[in-house]
>>> print(open('input20.pdb').read())   # PDB, C-alpha atoms
MODEL        1
ATOM      1  CA  MET A  24      -4.279  -3.646  37.585  1.00  0.00           C
ATOM      2  CA  TYR A  25      -3.622  -3.758  33.839  1.00  0.00           C
ATOM      3  CA  ALA A  26      -2.581  -1.371  31.095  1.00  0.00           C
ATOM      4  CA  ARG A  27      -2.864  -1.100  27.328  1.00  0.00           C
ATOM      5  CA  SER A  28      -0.229   0.934  25.513  1.00  0.00           C
ATOM      6  CA  THR A  29      -0.544   2.261  21.982  1.00  0.00           C
ATOM      7  CA  THR A  30       2.679   3.385  20.314  1.00  0.00           C
ATOM      8  CA  ILE A  31       2.605   5.624  17.251  1.00  0.00           C
ATOM      9  CA  MET A  32       5.612   6.831  15.267  1.00  0.00           C
ATOM     10  CA  ALA A  33       4.104  10.212  14.462  1.00  0.00           C
ATOM     11  CA  ARG A  34       5.161  13.034  12.223  1.00  0.00           C
ATOM     12  CA  PRO A  35       6.851  15.482  14.639  1.00  0.00           C
ATOM     13  CA  GLU A  36       4.733  18.353  13.325  1.00  0.00           C
ATOM     14  CA  SER A  37       1.535  16.418  14.180  1.00  0.00           C
ATOM     15  CA  ILE A  38       2.394  15.679  17.821  1.00  0.00           C
ATOM     16  CA  ASP A  39       0.743  18.727  19.414  1.00  0.00           C
ATOM     17  CA  ALA A  40      -2.495  18.126  17.514  1.00  0.00           C
ATOM     18  CA  GLY A  41      -2.379  14.448  18.474  1.00  0.00           C
ATOM     19  CA  ILE A  42      -1.914  15.258  22.158  1.00  0.00           C
ATOM     20  CA  ALA A  43      -4.864  17.662  22.019  1.00  0.00           C
ATOM     21  CA  GLN A  44      -7.023  15.058  20.286  1.00  0.00           C
ATOM     22  CA  VAL A  45      -6.203  12.409  22.894  1.00  0.00           C
ATOM     23  CA  GLN A  46      -6.856  14.828  25.753  1.00  0.00           C
ATOM     24  CA  ASP A  47     -10.037  16.400  24.409  1.00  0.00           C
ATOM     25  CA  GLU A  48     -11.685  13.449  22.658  1.00  0.00           C
ATOM     26  CA  VAL A  49     -10.202  10.138  23.762  1.00  0.00           C
ATOM     27  CA  MET A  50      -9.725  10.716  27.482  1.00  0.00           C
ATOM     28  CA  PRO A  51     -13.334  11.778  28.261  1.00  0.00           C
ATOM     29  CA  MET A  52     -14.616   8.739  26.364  1.00  0.00           C
ATOM     30  CA  LEU A  53     -12.191   6.386  28.109  1.00  0.00           C
ATOM     31  CA  MET A  54     -13.075   7.643  31.562  1.00  0.00           C
ATOM     32  CA  GLU A  55     -16.713   6.692  30.982  1.00  0.00           C
ATOM     33  CA  LEU A  56     -15.801   3.059  30.261  1.00  0.00           C
ATOM     34  CA  ASP A  57     -16.266   0.562  33.062  1.00  0.00           C
ATOM     35  CA  GLY A  58     -12.992  -0.206  34.812  1.00  0.00           C
ATOM     36  CA  CYS A  59     -10.846   2.526  33.268  1.00  0.00           C
ATOM     37  CA  ILE A  60      -8.701   4.282  35.876  1.00  0.00           C
ATOM     38  CA  GLY A  61      -6.728   6.722  33.786  1.00  0.00           C
ATOM     39  CA  LEU A  62      -4.620   7.657  30.811  1.00  0.00           C
ATOM     40  CA  SER A  63      -1.109   8.929  30.218  1.00  0.00           C
ATOM     41  CA  MET A  64       0.690   9.993  27.056  1.00  0.00           C
ATOM     42  CA  LEU A  65       4.414  10.261  26.379  1.00  0.00           C
ATOM     43  CA  ALA A  66       5.933  12.136  23.454  1.00  0.00           C
ATOM     44  CA  ASP A  67       9.447  12.226  22.011  1.00  0.00           C
ATOM     45  CA  ARG A  68       9.357  15.228  19.728  1.00  0.00           C
ATOM     46  CA  GLU A  69      12.688  14.401  18.104  1.00  0.00           C
ATOM     47  CA  SER A  70      11.844  10.888  16.918  1.00  0.00           C
ATOM     48  CA  GLY A  71       8.047  11.273  16.798  1.00  0.00           C
ATOM     49  CA  ARG A  72       7.557   8.288  19.098  1.00  0.00           C
ATOM     50  CA  CYS A  73       4.363   8.718  21.141  1.00  0.00           C
ATOM     51  CA  ILE A  74       2.901   6.256  23.642  1.00  0.00           C
ATOM     52  CA  ALA A  75      -0.626   6.524  25.060  1.00  0.00           C
ATOM     53  CA  THR A  76      -1.331   4.155  27.961  1.00  0.00           C
ATOM     54  CA  SER A  77      -4.711   3.452  29.504  1.00  0.00           C
ATOM     55  CA  ALA A  78      -4.970   1.777  32.926  1.00  0.00           C
ATOM     56  CA  TRP A  79      -7.682  -0.687  33.985  1.00  0.00           C
ATOM     57  CA  ARG A  80      -8.926  -2.246  37.217  1.00  0.00           C
ATOM     58  CA  SER A  81      -8.857  -5.766  35.744  1.00  0.00           C
ATOM     59  CA  GLU A  82      -7.750  -7.724  32.711  1.00  0.00           C
ATOM     60  CA  GLU A  83     -11.398  -8.436  31.921  1.00  0.00           C
ATOM     61  CA  ALA A  84     -12.272  -4.729  31.843  1.00  0.00           C
ATOM     62  CA  MET A  85      -9.331  -4.010  29.576  1.00  0.00           C
ATOM     63  CA  ARG A  86     -10.104  -6.817  27.140  1.00  0.00           C
ATOM     64  CA  ALA A  87     -13.805  -5.942  27.026  1.00  0.00           C
ATOM     65  CA  THR A  88     -12.986  -2.522  25.538  1.00  0.00           C
ATOM     66  CA  ASP A  89     -10.569  -3.643  22.845  1.00  0.00           C
ATOM     67  CA  GLU A  90     -13.017  -3.767  19.941  1.00  0.00           C
ATOM     68  CA  ALA A  91     -14.734  -0.538  20.959  1.00  0.00           C
ATOM     69  CA  LEU A  92     -11.411   1.347  21.009  1.00  0.00           C
ATOM     70  CA  ARG A  93      -9.889  -0.129  17.855  1.00  0.00           C
ATOM     71  CA  ALA A  94     -11.421   2.477  15.536  1.00  0.00           C
ATOM     72  CA  VAL A  95     -10.395   5.279  17.913  1.00  0.00           C
ATOM     73  CA  ARG A  96      -6.767   4.096  17.871  1.00  0.00           C
ATOM     74  CA  GLU A  97      -6.773   3.886  14.095  1.00  0.00           C
ATOM     75  CA  ARG A  98      -8.216   7.382  13.749  1.00  0.00           C
ATOM     76  CA  ILE A  99      -5.661   8.954  16.109  1.00  0.00           C
ATOM     77  CA  ALA A 100      -2.783   7.119  14.447  1.00  0.00           C
ATOM     78  CA  ASP A 101      -3.954   8.179  11.006  1.00  0.00           C
ATOM     79  CA  SER A 102      -4.124  11.828  12.045  1.00  0.00           C
ATOM     80  CA  MET A 103      -0.608  11.625  13.493  1.00  0.00           C
ATOM     81  CA  GLY A 104       0.809   9.878  10.451  1.00  0.00           C
ATOM     82  CA  GLY A 105       1.677   6.463  11.878  1.00  0.00           C
ATOM     83  CA  SER A 106       0.319   2.969  12.533  1.00  0.00           C
ATOM     84  CA  PRO A 107      -0.653   1.966  16.085  1.00  0.00           C
ATOM     85  CA  GLN A 108       1.316  -0.765  17.846  1.00  0.00           C
ATOM     86  CA  VAL A 109      -0.783  -2.100  20.731  1.00  0.00           C
ATOM     87  CA  GLU A 110       0.563  -3.980  23.758  1.00  0.00           C
ATOM     88  CA  GLU A 111      -1.156  -5.198  26.920  1.00  0.00           C
ATOM     89  CA  TRP A 112       0.532  -5.343  30.311  1.00  0.00           C
ATOM     90  CA  GLU A 113       0.057  -6.191  33.961  1.00  0.00           C
ATOM     91  CA  ILE A 114       0.976  -3.314  36.275  1.00  0.00           C
ATOM     92  CA  ALA A 115       3.391  -5.129  38.606  1.00  0.00           C
ATOM     93  CA  VAL A 116       4.788  -2.136  40.514  1.00  0.00           C
ATOM     94  CA  LEU A 117       3.743   1.486  40.891  1.00  0.00           C
ATOM     95  CA  HIS A 118       5.296   3.871  43.401  1.00  0.00           C
ATOM     96  CA  ARG A 119       4.443   7.562  43.478  1.00  0.00           C
ATOM     97  CA  ASP A 120       6.450   9.994  45.619  1.00  0.00           C
ATOM     98  CA  HIS A 121       4.196  12.852  44.499  1.00  0.00           C
ATOM     99  CA  ARG A 122       1.956  13.817  41.606  1.00  0.00           C
ATOM    100  CA  SER A 123       3.634  14.942  38.418  1.00  0.00           C
ATOM    101  CA  VAL A 124       3.897  18.629  37.614  1.00  0.00           C
ATOM    102  CA  ALA A 125       3.889  20.618  34.356  1.00  0.00           C
ATOM    103  CA  GLY A 126       7.148  19.992  32.521  1.00  0.00           C
ATOM    104  CA  ALA A 127       7.606  16.459  33.883  1.00  0.00           C
ATOM    105  CA  CYS A 128       9.614  13.959  31.820  1.00  0.00           C
ATOM    106  CA  VAL A 129       9.853  10.169  31.692  1.00  0.00           C
ATOM    107  CA  ARG A 130      12.691   7.761  31.010  1.00  0.00           C
ATOM    108  CA  ALA A 131      11.346   4.403  29.811  1.00  0.00           C
ATOM    109  CA  THR A 132      13.425   1.213  29.716  1.00  0.00           C
ATOM    110  CA  TRP A 133      12.242  -1.924  27.929  1.00  0.00           C
ATOM    111  CA  VAL A 134      13.749  -5.240  29.006  1.00  0.00           C
ATOM    112  CA  LYS A 135      13.278  -8.941  28.372  1.00  0.00           C
ATOM    113  CA  VAL A 136      13.715 -11.741  30.894  1.00  0.00           C
ATOM    114  CA  ASP A 137      13.050 -15.475  30.919  1.00  0.00           C
ATOM    115  CA  PRO A 138       9.352 -15.688  31.885  1.00  0.00           C
ATOM    116  CA  ALA A 139      10.286 -18.296  34.504  1.00  0.00           C
ATOM    117  CA  ASN A 140      12.437 -15.655  36.238  1.00  0.00           C
ATOM    118  CA  LEU A 141       9.983 -12.769  35.963  1.00  0.00           C
ATOM    119  CA  GLU A 142       8.980 -12.791  39.637  1.00  0.00           C
ATOM    120  CA  ARG A 143      12.622 -12.435  40.643  1.00  0.00           C
ATOM    121  CA  ALA A 144      13.018  -9.532  38.214  1.00  0.00           C
ATOM    122  CA  ILE A 145       9.947  -7.826  39.733  1.00  0.00           C
ATOM    123  CA  ASP A 146      11.421  -8.286  43.221  1.00  0.00           C
ATOM    124  CA  VAL A 147      14.745  -6.793  42.113  1.00  0.00           C
ATOM    125  CA  TYR A 148      12.915  -3.769  40.741  1.00  0.00           C
ATOM    126  CA  ARG A 149      10.791  -3.352  43.858  1.00  0.00           C
ATOM    127  CA  LEU A 150      13.501  -3.977  46.463  1.00  0.00           C
ATOM    128  CA  ALA A 151      16.686  -2.751  44.765  1.00  0.00           C
ATOM    129  CA  SER A 152      15.743  -0.228  42.077  1.00  0.00           C
ATOM    130  CA  LEU A 153      12.959   1.742  43.780  1.00  0.00           C
ATOM    131  CA  PRO A 154      14.933   2.777  46.905  1.00  0.00           C
ATOM    132  CA  ARG A 155      17.782   4.059  44.717  1.00  0.00           C
ATOM    133  CA  LEU A 156      15.442   5.845  42.340  1.00  0.00           C
ATOM    134  CA  GLU A 157      13.806   7.664  45.232  1.00  0.00           C
ATOM    135  CA  ASP A 158      17.192   9.183  46.122  1.00  0.00           C
ATOM    136  CA  LEU A 159      17.561  10.845  42.702  1.00  0.00           C
ATOM    137  CA  ALA A 160      16.907  14.587  42.631  1.00  0.00           C
ATOM    138  CA  GLY A 161      13.561  15.386  41.049  1.00  0.00           C
ATOM    139  CA  PHE A 162      12.210  11.825  41.276  1.00  0.00           C
ATOM    140  CA  CYS A 163       8.421  11.781  40.979  1.00  0.00           C
ATOM    141  CA  SER A 164       7.234   8.201  40.385  1.00  0.00           C
ATOM    142  CA  ALA A 165       8.127   4.833  38.894  1.00  0.00           C
ATOM    143  CA  SER A 166       6.197   1.919  37.448  1.00  0.00           C
ATOM    144  CA  LEU A 167       6.931  -1.524  36.066  1.00  0.00           C
ATOM    145  CA  LEU A 168       4.614  -3.093  33.486  1.00  0.00           C
ATOM    146  CA  VAL A 169       5.105  -6.758  32.597  1.00  0.00           C
ATOM    147  CA  ASP A 170       3.946  -9.299  30.039  1.00  0.00           C
ATOM    148  CA  ARG A 171       4.167 -12.623  31.868  1.00  0.00           C
ATOM    149  CA  THR A 172       3.876 -14.680  28.680  1.00  0.00           C
ATOM    150  CA  SER A 173       6.765 -13.121  26.747  1.00  0.00           C
ATOM    151  CA  GLY A 174       8.883 -11.946  29.683  1.00  0.00           C
ATOM    152  CA  ARG A 175       8.945  -8.387  28.320  1.00  0.00           C
ATOM    153  CA  ALA A 176       8.689  -5.506  30.756  1.00  0.00           C
ATOM    154  CA  VAL A 177       8.940  -1.730  30.721  1.00  0.00           C
ATOM    155  CA  SER A 178      10.019   0.546  33.548  1.00  0.00           C
ATOM    156  CA  SER A 179       8.886   4.192  33.420  1.00  0.00           C
ATOM    157  CA  VAL A 180      10.516   6.691  35.776  1.00  0.00           C
ATOM    158  CA  THR A 181       9.027  10.187  35.979  1.00  0.00           C
ATOM    159  CA  TYR A 182      11.081  13.253  36.907  1.00  0.00           C
ATOM    160  CA  ASP A 183       9.841  16.736  37.772  1.00  0.00           C
ATOM    161  CA  SER A 184      11.658  18.410  34.864  1.00  0.00           C
ATOM    162  CA  GLN A 185      13.907  17.911  31.873  1.00  0.00           C
ATOM    163  CA  GLU A 186      16.796  19.202  33.980  1.00  0.00           C
ATOM    164  CA  ALA A 187      16.155  16.598  36.676  1.00  0.00           C
ATOM    165  CA  MET A 188      16.013  13.803  34.108  1.00  0.00           C
ATOM    166  CA  ASP A 189      19.213  15.060  32.451  1.00  0.00           C
ATOM    167  CA  GLY A 190      20.937  15.177  35.829  1.00  0.00           C
ATOM    168  CA  SER A 191      19.942  11.599  36.636  1.00  0.00           C
ATOM    169  CA  ARG A 192      21.182  10.079  33.373  1.00  0.00           C
ATOM    170  CA  GLU A 193      24.574   8.844  34.567  1.00  0.00           C
ATOM    171  CA  ALA A 194      23.275   7.455  37.863  1.00  0.00           C
ATOM    172  CA  ALA A 195      20.327   5.822  36.114  1.00  0.00           C
ATOM    173  CA  ALA A 196      22.607   4.125  33.577  1.00  0.00           C
ATOM    174  CA  SER A 197      24.783   2.713  36.359  1.00  0.00           C
ATOM    175  CA  MET A 198      21.720   1.526  38.255  1.00  0.00           C
ATOM    176  CA  ARG A 199      20.235  -0.008  35.115  1.00  0.00           C
ATOM    177  CA  SER A 200      23.402  -1.981  34.444  1.00  0.00           C
ATOM    178  CA  ALA A 201      23.528  -3.373  37.978  1.00  0.00           C
ATOM    179  CA  THR A 202      19.858  -4.206  38.424  1.00  0.00           C
ATOM    180  CA  THR A 203      19.333  -5.778  35.003  1.00  0.00           C
ATOM    181  CA  LYS A 204      22.309  -8.025  35.700  1.00  0.00           C
ATOM    182  CA  ASP A 205      20.828  -9.013  39.078  1.00  0.00           C
ATOM    183  CA  ALA A 206      17.449  -9.638  37.444  1.00  0.00           C
ATOM    184  CA  GLY A 207      18.879 -11.614  34.536  1.00  0.00           C
ATOM    185  CA  ALA A 208      17.283  -9.122  32.135  1.00  0.00           C
ATOM    186  CA  GLU A 209      18.340  -7.928  28.695  1.00  0.00           C
ATOM    187  CA  VAL A 210      17.853  -4.226  27.959  1.00  0.00           C
ATOM    188  CA  LEU A 211      15.970  -3.818  24.670  1.00  0.00           C
ATOM    189  CA  ASP A 212      15.578  -0.038  24.490  1.00  0.00           C
ATOM    190  CA  VAL A 213      15.829   3.174  26.515  1.00  0.00           C
ATOM    191  CA  CYS A 214      13.987   6.340  25.498  1.00  0.00           C
ATOM    192  CA  GLU A 215      13.267   9.708  27.111  1.00  0.00           C
ATOM    193  CA  PHE A 216       9.938  11.483  26.749  1.00  0.00           C
ATOM    194  CA  GLU A 217       7.912  14.523  27.638  1.00  0.00           C
ATOM    195  CA  LEU A 218       4.982  13.572  29.876  1.00  0.00           C
ATOM    196  CA  ALA A 219       2.282  15.152  27.733  1.00  0.00           C
ATOM    197  CA  ILE A 220      -0.786  13.794  29.597  1.00  0.00           C
ATOM    198  CA  ALA A 221      -0.877  12.465  33.156  1.00  0.00           C
ATOM    199  CA  HIS A 222      -4.340  11.479  34.318  1.00  0.00           C
ATOM    200  CA  LEU A 223      -3.850   8.242  36.246  1.00  0.00           C
ATOM    201  CA  ARG A 224      -5.675   7.080  39.345  1.00  0.00           C
ATOM    202  CA  VAL A 225      -3.742   3.852  39.789  1.00  0.00           C
ATOM    203  CA  PRO A 226      -3.195   3.109  43.501  1.00  0.00           C
ATOM    204  CA  GLU A 227       0.220   2.354  45.013  1.00  0.00           C
ATOM    205  CA  LEU A 228       1.431  -1.131  44.014  1.00  0.00           C
ATOM    206  CA  THR A 229       4.728  -1.963  45.733  1.00  0.00           C
TER     207      THR A 229
ENDMDL
END
>>> encode(input="input20.pdb", output="structure tokens")
Amino acid sequence: MYARSTTIMARPESIDAGIAQVQDEVMPMLMELDGCIGLSMLADRESGRCIATSAWRSEEAMRATDEALRAVRERIADSMGGSPQVEEWEIAVLHRDHRSVAGACVRATWVKVDPANLERAIDVYRLASLPRLEDLAGFCSASLLVDRTSGRAVSSVTYDSQEAMDGSREAAASMRSATTKDAGAEVLDVCEFELAIAHLRVPELT
């Protein structure tokens, strides 16, 4: 399974319109494309950082749509007041305790590891991080996307509510410190988001 993420630093006042445009225009079009298995969108209303991620059954299906979707990305970014930054990933791990609910939030952590050690980092996430995440109150799901060439990866952990995510912050920071050390990973960024759109049909990958 693969994913393409498009990050836009939007004007905060344009975020609601952008979410509606992605949901009403982009998602129906995407779901008609061969190999597309869903779309999610994260929004940080304070910074304006928005990330739309489409999921695909194969790398070939994802790459085959790149040109067709380029103009769509540019149009959405222009309406939201930013330039699109596009990244492509392999979905290495996905574990879902239950489907997300209205009001769900996501904490995303970007890391970098030596590409030669990426498999070990994936194992640490799967075997050490996931069991501890599942014990956190309000845990909904977790995923790990990786770029095997650069060694970059991003973990996204979904919680049922803002309150649940707030309550997990200290435990998550402690866990992040321990597991990134075990994985030999460098933390690049941590950001918290509203889960604005959740329409993914990616199967369990653990």
>>> atom_distance(input="input20.pdb", atom1="CA of Leu167 (chain A)", atom2="CA of Tyr25 (chain A)")
11.0 Å
>>> closest_residue(input="input20.pdb", among="A:Arg86, A:Ala194, A:Ile60, A:Asp158", to="Val225 (chain A)", atoms="only C-alpha atoms")
A:Ile60
>>> resolve_selection(input="input20.pdb", expression="the PyMOL selection byres ((chain A and resi 111) around 6)", output="list in words")
Ala26, Arg27, Glu110 and Trp112 of chain A
>>> atom_distance(input="input20.pdb", atom1="CA of Leu53 (chain A)", atom2="CA of Phe162 (chain A)")
28.3 Å
>>> closest_residue(input="input20.pdb", among="A:Ile31, A:Ile38, A:Val45, A:Val180", to="Ser123 (chain A)", atoms="only C-alpha atoms")
A:Val180
>>> resolve_selection(input="input20.pdb", expression="the PyMOL selection byres ((chain A and resi 174) around 12)", output="PyMOL selection string")
chain A and resi 112-113+133-145+168-173+175-177+206-211
>>> atom_distance(input="input20.pdb", atom1="CA of Leu218 (chain A)", atom2="CA of Cys128 (chain A)")
5.0 Å
>>> closest_residue(input="input20.pdb", among="A:Ser152, A:Ser28, A:Ser191, A:Thr202", to="Ile74 (chain A)", atoms="all atoms listed in the file")
A:Ser28
>>> closest_residue(input="input20.pdb", among="A:Val129, A:Met64, A:Leu56, A:Val116", to="Ala87 (chain A)", atoms="only C-alpha atoms")
A:Leu56
>>> closest_residue(input="input20.pdb", among="A:Leu156, A:Met52, A:Gly71, A:Thr132", to="Val95 (chain A)", atoms="only C-alpha atoms")
A:Met52
>>> resolve_selection(input="input20.pdb", expression="the PyMOL selection byres ((chain A and resi 195) around 12)", output="PDB file with C-alpha atoms, in the coordinates of the input")
ATOM      1  CA  ARG A 130      12.691   7.761  31.010  1.00  0.00           C
ATOM      2  CA  ALA A 131      11.346   4.403  29.811  1.00  0.00           C
ATOM      3  CA  THR A 132      13.425   1.213  29.716  1.00  0.00           C
ATOM      4  CA  SER A 152      15.743  -0.228  42.077  1.00  0.00           C
ATOM      5  CA  LEU A 153      12.959   1.742  43.780  1.00  0.00           C
ATOM      6  CA  ARG A 155      17.782   4.059  44.717  1.00  0.00           C
ATOM      7  CA  LEU A 156      15.442   5.845  42.340  1.00  0.00           C
ATOM      8  CA  GLU A 157      13.806   7.664  45.232  1.00  0.00           C
ATOM      9  CA  ASP A 158      17.192   9.183  46.122  1.00  0.00           C
ATOM     10  CA  LEU A 159      17.561  10.845  42.702  1.00  0.00           C
ATOM     11  CA  ALA A 160      16.907  14.587  42.631  1.00  0.00           C
ATOM     12  CA  PHE A 162      12.210  11.825  41.276  1.00  0.00           C
ATOM     13  CA  SER A 178      10.019   0.546  33.548  1.00  0.00           C
ATOM     14  CA  SER A 179       8.886   4.192  33.420  1.00  0.00           C
ATOM     15  CA  VAL A 180      10.516   6.691  35.776  1.00  0.00           C
ATOM     16  CA  TYR A 182      11.081  13.253  36.907  1.00  0.00           C
ATOM     17  CA  ALA A 187      16.155  16.598  36.676  1.00  0.00           C
ATOM     18  CA  MET A 188      16.013  13.803  34.108  1.00  0.00           C
ATOM     19  CA  ASP A 189      19.213  15.060  32.451  1.00  0.00           C
ATOM     20  CA  GLY A 190      20.937  15.177  35.829  1.00  0.00           C
ATOM     21  CA  SER A 191      19.942  11.599  36.636  1.00  0.00           C
ATOM     22  CA  ARG A 192      21.182  10.079  33.373  1.00  0.00           C
ATOM     23  CA  GLU A 193      24.574   8.844  34.567  1.00  0.00           C
ATOM     24  CA  ALA A 194      23.275   7.455  37.863  1.00  0.00           C
ATOM     25  CA  ALA A 196      22.607   4.125  33.577  1.00  0.00           C
ATOM     26  CA  SER A 197      24.783   2.713  36.359  1.00  0.00           C
ATOM     27  CA  MET A 198      21.720   1.526  38.255  1.00  0.00           C
ATOM     28  CA  ARG A 199      20.235  -0.008  35.115  1.00  0.00           C
ATOM     29  CA  SER A 200      23.402  -1.981  34.444  1.00  0.00           C
ATOM     30  CA  ALA A 201      23.528  -3.373  37.978  1.00  0.00           C
ATOM     31  CA  THR A 202      19.858  -4.206  38.424  1.00  0.00           C
ATOM     32  CA  THR A 203      19.333  -5.778  35.003  1.00  0.00           C
ATOM     33  CA  VAL A 213      15.829   3.174  26.515  1.00  0.00           C
TER      34      VAL A 213
END
>>> residues_around(input="input20.pdb", residues="Gly58 (chain A)", least_positions_apart="3", cutoff="6 Å", atoms="all atoms listed in the file", output="PyMOL selection string")
chain A and resi 79-80+84
>>> closest_residue(input="input20.pdb", among="A:Ala151, A:Ala115, A:Glu69, A:Asp89", to="Lys204 (chain A)", atoms="only C-alpha atoms")
A:Ala151
>>> residues_near_point(input="input20.pdb", point="(-5.7, -8.3, 33.0)", cutoff="7 Å", atoms="only C-alpha atoms", output="list in words")
Met24, Tyr25, Ser81, Glu82, Glu83, Met85 and Glu113 of chain A
>>> residues_around(input="input20.pdb", residues="Leu223 (chain A)", least_positions_apart="4", cutoff="7 Å", atoms="only C-alpha atoms", output="list in words")
Ile60, Gly61, Leu62 and Ser63 of chain A
>>> residues_around(input="input20.pdb", residues="Ala127 (chain A)", least_positions_apart="2", cutoff="7 Å", atoms="only C-alpha atoms", output="NGL selection string")
:A and (123-125 or 181-185 or 217-218)
